[in-house]
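Asker: Okay, handing you the structure first.
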Amino acid sequence: MNQATIEKATASMTPKQLEIQQRESRILDKAFPMLRSGGVGAINMNAIAKEMGCTRGTIYNHFANKEEILLALATRSVRRRIALFQFAMESQAESRDRCAAVGIAVEVYADYMPDEFAIEQIIRHDVVWQKTSEGRRDVLSDCEQLCIGSLGQVVQAAIEVGDLKPQRGQTASELTQQLIFGLWSLSYGGLVLEATSPSLKAAGIDDARMTIRRNGNLLLDAVGWQPLFNARRYNAWSKRLRPVLIETAKKIRQLPCNSEQDFALATESAS
């Protein structure tokens, strides 16, 4: 959904609809500390209603159960992640730097939005997923596709300017799919393993972050994405970029991102 569509949709909302949207945002704000301190089981509809000064029925008018609240919180997390990724990409001029910046942004997201990062893992469990509505699952899916699509646009732009060329017999679409899946598996999947697997050090992986970065650059070199990896340049570049992304992540984390309008404003603020 683009900015013009968001503004048009918001302008057409009645005062009642705006009130409902704002109330849902407040519910999420009350539920987030509960989740952070005690997990899914700590989310309590009665406690949320008491803090908001409303009846429990009012909460259930918005969310059928605590799993629905969790899914809405996960959607907010993904929107914040997208805003950070878009800032990272737009901060760079070279196509390969734009791609690599997403990798650094994934690290910053895991480090400086750890609760958001954790929420995204929790919702993958069937016990949570199956208790949520199709509508809320679709919203989350749309957000995730937007995130992946942004990386796809970087790859496609690199092909268009000649920094990246499909191999003989390979289409641009096939190369794009290969890189999106490969990079996402390495960066996001690698950090999930770092956070959840106690066996990495036993397997001889002492520095997961360095391993993820090295393998990511090996993948980009393998497909011939120009300019090829230069360790000295990359290390200096990443040291300059990371503090900027950290400050941006801290700002984004303070923004609601509970609705499409909130997300658009967060993305504008990040950029």
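Residue numbering restarts at 1 in every chain; chains get A, B, ... in the order shown in the structure tokens, and ligands count up from 1 in that same order.
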Show me, as a PDB file with C-alpha atoms, in the first residue's frame, the residues that have an atom within 12 Å of A:Gly189 when counting only C-alpha atoms, minus same-chain residues fewer than 6 positions from it.
Answerer:
```pdb
ATOM      1  CA  GLY A 103      22.556  -7.656   6.378  1.00  0.00           C
ATOM      2  CA  VAL A 106      19.273  -7.499  10.408  1.00  0.00           C
ATOM      3  CA  GLU A 107      21.991  -7.594  13.073  1.00  0.00           C
ATOM      4  CA  ALA A 110      18.155  -8.440  16.527  1.00  0.00           C
ATOM      5  CA  PHE A 117      12.898 -10.199  17.036  1.00  0.00           C
ATOM      6  CA  GLU A 120       8.592 -13.080  15.281  1.00  0.00           C
ATOM      7  CA  GLN A 121       9.924 -16.470  16.363  1.00  0.00           C
ATOM      8  CA  PHE A 181      16.331 -16.894  -0.493  1.00  0.00           C
ATOM      9  CA  GLY A 182      20.073 -17.307  -0.021  1.00  0.00           C
ATOM     10  CA  LEU A 183      20.647 -13.966   1.659  1.00  0.00           C
ATOM     11  CA  ALA A 195      19.836 -16.749  19.483  1.00  0.00           C
ATOM     12  CA  THR A 196      18.346 -20.213  19.937  1.00  0.00           C
ATOM     13  CA  SER A 197      20.990 -22.865  19.326  1.00  0.00           C
ATOM     14  CA  ALA A 208      28.286 -16.363  14.185  1.00  0.00           C
ATOM     15  CA  ARG A 209      28.075 -12.756  12.997  1.00  0.00           C
ATOM     16  CA  ILE A 212      27.167 -14.837   8.403  1.00  0.00           C
TER      17      ILE A 212
END
```
Asker: So that I can see what lies close to A:Gly149, please list as a PyMOL selection string the residues with an atom at most 12 Å from it, counting only C-alpha atoms and leaving out residues fewer than 3 positions away in the same chain.
Answerer: chain A and resi 82+85-86+141-146+152-156+176-177+179-181+184
Asker: Find the spatial neighbours of A:Ala31, counting only C-alpha atoms, within a cut-off of 8 Å - ignore same-chain residues fewer than 3 positions away - and output them as a PDB file with C-alpha atoms, in the first residue's frame.
Answerer:
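File part22.pdb, as written:
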```pdb
ATOM      1  CA  ILE A  27      -4.240  -2.552  23.735  1.00  0.00           C
ATOM      2  CA  LEU A  28      -0.994  -3.570  22.038  1.00  0.00           C
ATOM      3  CA  MET A  34       3.342  -8.376  29.664  1.00  0.00           C
ATOM      4  CA  LEU A  35       4.733 -10.441  26.817  1.00  0.00           C
ATOM      5  CA  ILE A  43      -0.838 -11.609  28.440  1.00  0.00           C
ATOM      6  CA  ASN A  44      -3.987 -11.117  30.501  1.00  0.00           C
ATOM      7  CA  ILE A  48      -5.295  -5.017  29.981  1.00  0.00           C
ATOM      8  CA  ILE A  69      -2.760  -9.920  20.240  1.00  0.00           C
TER       9      ILE A  69
END
```
Asker: If you count only C-alpha atoms, which residues fall within 12 Å of A:Val161, apart from same-chain ones fewer than 6 positions away, as a PyMOL selection string?
Answerer: chain A and resi 94-96+154-155+225-226
Asker: State, in Å with one decimal place, the distance from atom CA of A:Pro114 to atom CA of A:Arg36.
Answerer: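 Computed distance, atom CA of A:Pro114 to atom CA of A:Arg36, equals 9.8 Å.
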Asker: Please produce, as a Markdown table, a per-residue contact table for stretch 43-140 of chain A versus stretch 233-253 of chain A (criterion: any atom at most 10 Å away, only C-alpha atoms considered), showing the nearest atom pair and its distance in Å to one decimal, sorted by chain then residue number.
Answerer:
```
| residue | atom | partner | partner_atom | distance |
| --- | --- | --- | --- | --- |
| A:Arg76 | CA | A:Arg253 | CA | 9.9 |
| A:Ser77 | CA | A:Arg253 | CA | 8.8 |
| A:Arg79 | CA | A:Ile252 | CA | 9.7 |
| A:Arg80 | CA | A:Ile252 | CA | 6.3 |
| A:Arg81 | CA | A:Ala249 | CA | 8.6 |
| A:Ala83 | CA | A:Ile252 | CA | 7.4 |
| A:Leu84 | CA | A:Ala249 | CA | 6.3 |
| A:Phe85 | CA | A:Leu245 | CA | 9.2 |
| A:Phe87 | CA | A:Leu245 | CA | 8.1 |
| A:Ala88 | CA | A:Leu245 | CA | 6.9 |
| A:Ser91 | CA | A:Leu241 | CA | 9.0 |
| A:Gln92 | CA | A:Leu241 | CA | 9.6 |
| A:Asp97 | CA | A:Trp237 | CA | 8.9 |
| A:Ala100 | CA | A:Ser238 | CA | 8.9 |
| A:Ala101 | CA | A:Leu241 | CA | 7.8 |
| A:Ile104 | CA | A:Arg242 | CA | 6.7 |
| A:Ala105 | CA | A:Leu245 | CA | 6.6 |
| A:Val106 | CA | A:Leu245 | CA | 10.0 |
| A:Glu107 | CA | A:Arg242 | CA | 9.0 |
| A:Val108 | CA | A:Ile246 | CA | 6.1 |
| A:Tyr109 | CA | A:Ala249 | CA | 7.0 |
| A:Asp111 | CA | A:Ile246 | CA | 8.9 |
| A:Tyr112 | CA | A:Ala249 | CA | 6.7 |
| A:Met113 | CA | A:Arg253 | CA | 7.1 |
| A:Glu116 | CA | A:Arg253 | CA | 9.2 |
```
Asker: For the selection just defined, write its residues with N, CA and C atoms to a file, as an mmCIF file, in the first residue's frame.
Answerer:
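The resulting file, part-v2.cif, is reproduced below:
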```
data_model
loop_
_atom_site.group_PDB
_atom_site.id
_atom_site.type_symbol
_atom_site.label_atom_id
_atom_site.label_comp_id
_atom_site.auth_asym_id
_atom_site.auth_seq_id
_atom_site.Cartn_x
_atom_site.Cartn_y
_atom_site.Cartn_z
ATOM 1 N N ARG A 76 3.405 -5.565 13.993
ATOM 2 C CA ARG A 76 4.053 -4.303 14.317
ATOM 3 C C ARG A 76 5.573 -4.452 14.260
ATOM 4 N N SER A 77 6.075 -5.583 14.745
ATOM 5 C CA SER A 77 7.511 -5.827 14.724
ATOM 6 C C SER A 77 8.040 -5.864 13.296
ATOM 7 N N ARG A 79 6.730 -4.487 10.674
ATOM 8 C CA ARG A 79 6.677 -3.141 10.100
ATOM 9 C C ARG A 79 7.878 -2.306 10.540
ATOM 10 N N ARG A 80 8.264 -2.442 11.790
ATOM 11 C CA ARG A 80 9.444 -1.728 12.272
ATOM 12 C C ARG A 80 10.702 -2.237 11.569
ATOM 13 N N ARG A 81 10.762 -3.544 11.367
ATOM 14 C CA ARG A 81 11.914 -4.116 10.665
ATOM 15 C C ARG A 81 11.997 -3.583 9.238
ATOM 16 N N ALA A 83 10.867 -0.739 8.095
ATOM 17 C CA ALA A 83 11.282 0.669 8.124
ATOM 18 C C ALA A 83 12.799 0.785 8.280
ATOM 19 N N LEU A 84 13.375 -0.063 9.134
ATOM 20 C CA LEU A 84 14.830 -0.051 9.313
ATOM 21 C C LEU A 84 15.539 -0.515 8.051
ATOM 22 N N PHE A 85 15.036 -1.571 7.420
ATOM 23 C CA PHE A 85 15.663 -2.090 6.205
ATOM 24 C C PHE A 85 15.609 -1.055 5.086
ATOM 25 N N PHE A 87 15.466 2.184 5.352
ATOM 26 C CA PHE A 87 16.444 3.232 5.633
ATOM 27 C C PHE A 87 17.838 2.754 5.258
ATOM 28 N N ALA A 88 18.179 1.531 5.630
ATOM 29 C CA ALA A 88 19.506 0.990 5.344
ATOM 30 C C ALA A 88 19.781 0.980 3.846
ATOM 31 N N SER A 91 20.128 4.483 2.274
ATOM 32 C CA SER A 91 21.289 5.256 2.719
ATOM 33 C C SER A 91 22.522 5.018 1.855
ATOM 34 N N GLN A 92 22.439 4.049 0.932
ATOM 35 C CA GLN A 92 23.593 3.674 0.132
ATOM 36 C C GLN A 92 23.367 3.988 -1.343
ATOM 37 N N ASP A 97 26.304 -2.263 -1.947
ATOM 38 C CA ASP A 97 26.260 -1.698 -0.601
ATOM 39 C C ASP A 97 24.829 -1.683 -0.074
ATOM 40 N N ALA A 100 24.175 -5.232 1.033
ATOM 41 C CA ALA A 100 24.924 -5.564 2.250
ATOM 42 C C ALA A 100 24.395 -4.809 3.459
ATOM 43 N N ALA A 101 23.852 -3.609 3.224
ATOM 44 C CA ALA A 101 23.324 -2.810 4.333
ATOM 45 C C ALA A 101 22.150 -3.509 5.010
ATOM 46 N N ILE A 104 23.525 -5.833 7.647
ATOM 47 C CA ILE A 104 23.900 -5.131 8.880
ATOM 48 C C ILE A 104 22.644 -4.726 9.640
ATOM 49 N N ALA A 105 21.595 -4.340 8.909
ATOM 50 C CA ALA A 105 20.335 -3.938 9.542
ATOM 51 C C ALA A 105 19.684 -5.113 10.272
ATOM 52 N N VAL A 106 19.822 -6.319 9.730
ATOM 53 C CA VAL A 106 19.273 -7.499 10.408
ATOM 54 C C VAL A 106 19.949 -7.678 11.769
ATOM 55 N N GLU A 107 21.262 -7.490 11.807
ATOM 56 C CA GLU A 107 21.991 -7.594 13.073
ATOM 57 C C GLU A 107 21.503 -6.547 14.074
ATOM 58 N N VAL A 108 21.357 -5.320 13.593
ATOM 59 C CA VAL A 108 20.917 -4.231 14.466
ATOM 60 C C VAL A 108 19.505 -4.485 14.970
ATOM 61 N N TYR A 109 18.650 -5.001 14.106
ATOM 62 C CA TYR A 109 17.275 -5.333 14.506
ATOM 63 C C TYR A 109 17.281 -6.354 15.636
ATOM 64 N N ASP A 111 19.666 -6.956 17.735
ATOM 65 C CA ASP A 111 20.340 -6.439 18.934
ATOM 66 C C ASP A 111 19.561 -5.338 19.632
ATOM 67 N N TYR A 112 18.920 -4.458 18.861
ATOM 68 C CA TYR A 112 18.295 -3.275 19.446
ATOM 69 C C TYR A 112 16.778 -3.307 19.427
ATOM 70 N N MET A 113 16.200 -4.334 18.819
ATOM 71 C CA MET A 113 14.767 -4.609 18.947
ATOM 72 C C MET A 113 14.627 -6.089 19.296
ATOM 73 N N GLU A 116 11.060 -7.528 19.668
ATOM 74 C CA GLU A 116 10.404 -7.669 18.373
ATOM 75 C C GLU A 116 10.941 -8.891 17.628
#
```
Asker: Ranking A:Val40, A:Ile159, A:Ala203, A:Cys147 by minimum distance to A:His125 and counting only C-alpha atoms, which one comes first?
Answerer: A:Val40
Asker: Can you measure atom CA of A:Leu193 to atom CA of A:Gly135 for me? One decimal in Å is fine.
Answerer: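 Separation between atom CA of A:Leu193 and atom CA of A:Gly135: 29.6 Å.
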